Structures are given as structure tokens and as C-alpha cells.
Amino acid sequence: MLPLSWLEGVISFLLGVLWTLLVLTAILTFIALFKNGVLFALVVSIITASIWLIFIVLLEMANLQIEKLKELKKQTKLLQAIKNSLK
């Protein structure tokens, strides 16, 4: 496995933090609003979880772009090696 770059390490850490915040926020929101009604508490909890999910998706997209860049660099290196061997 390739070593993680600094940016990938930060993204992985932030993903863990965001998943934790998602779960805690959903649970605490549900518990705080439970006295107003179960359906209301559930809807508000889902809405707050959706906000965190947007941030998680954005970080995952950044992670995928980093992986794509790595793969393109490997392919470019291979293509240059093939080009040099054909000369």
C-alpha cells in the first residue's frame, strides 16, 4: 500500500470527524426533540444528518480526485517509458 500523503491524511481524519459529528448530531437532535413528537424529531434528525452527509460526499470526491491524479501520473510514466523504448 502506498504511504498516505499529508493531504490524504487530513482528508481521512476529517472524514472520521464528520462521521462522528453526523452520528452525535442525529442522536442528540432526536433526543432533544423527542418530547415534541417522534415524527418531528426523526425528520429534523434526518435533515441535520443530510447536512453532514453533504460535507462527507465533498471530501470523498476530493479523495477520489487525488486517487485519479495518482493514477494519471502512473499512466503518464508508463506511456513515457513505452515511448522511450520504441525510439
# chains A, B, ... in the order shown; residues from 1 in each chain; ligands from 1
call {"tool": "residues_around", "arguments": {"residues": "Leu33 in chain A", "least_positions_apart": "5", "cutoff": "10 Å", "atoms": "only C-alpha atoms", "output": "list in words"}}
result
Leu28, Val38, Leu39, Phe40, Ala41, Leu42, Val44 and Ser45 of chain A
call {"tool": "residues_around", "arguments": {"residues": "Val10 in chain A", "least_positions_apart": "6", "cutoff": "12 Å", "atoms": "only C-alpha atoms", "output": "NGL selection string"}}
result
:A and (4 or 16-17 or 59 or 62-63)
call {"tool": "closest_residue", "arguments": {"among": "A:Ile11, A:Ile31, A:Ile46, A:Leu22", "to": "Gln65 in chain A", "atoms": "only C-alpha atoms"}}
result
A:Ile11
call {"tool": "closest_residue", "arguments": {"among": "A:Ser50, A:Ser85, A:Gln75, A:Gln80", "to": "Val23 in chain A", "atoms": "only C-alpha atoms"}}
result
A:Ser50
call {"tool": "atom_distance", "arguments": {"atom1": "CA of Leu69 in chain A", "atom2": "CA of Ser12 in chain A"}}
result
17.2 Å
call {"tool": "atom_distance", "arguments": {"atom1": "CA of Ala81 in chain A", "atom2": "CA of Glu67 in chain A"}}
result
21.4 Å
call {"tool": "decode", "arguments": {"residues": "range 61-75 of chain A", "atoms": "C-alpha atoms", "output": "PDB file, in the first residue's frame"}}
result
ATOM      1  CA  MET A  61     -14.955  13.499  -4.051  1.00  0.00           C
ATOM      2  CA  ALA A  62     -11.688  15.251  -3.168  1.00  0.00           C
ATOM      3  CA  ASN A  63     -10.204  11.909  -2.168  1.00  0.00           C
ATOM      4  CA  LEU A  64     -11.279  10.370  -5.472  1.00  0.00           C
ATOM      5  CA  GLN A  65      -9.680  13.223  -7.400  1.00  0.00           C
ATOM      6  CA  ILE A  66      -6.405  12.650  -5.562  1.00  0.00           C
ATOM      7  CA  GLU A  67      -6.540   8.957  -6.454  1.00  0.00           C
ATOM      8  CA  LYS A  68      -7.319   9.850 -10.069  1.00  0.00           C
ATOM      9  CA  LEU A  69      -4.328  12.190 -10.196  1.00  0.00           C
ATOM     10  CA  LYS A  70      -2.041   9.472  -8.824  1.00  0.00           C
ATOM     11  CA  GLU A  71      -3.289   7.009 -11.424  1.00  0.00           C
ATOM     12  CA  LEU A  72      -2.819   9.516 -14.240  1.00  0.00           C
ATOM     13  CA  LYS A  73       0.751  10.150 -13.101  1.00  0.00           C
ATOM     14  CA  LYS A  74       1.467   6.394 -13.142  1.00  0.00           C
ATOM     15  CA  GLN A  75      -0.057   6.045 -16.604  1.00  0.00           C
TER      16      GLN A  75
END
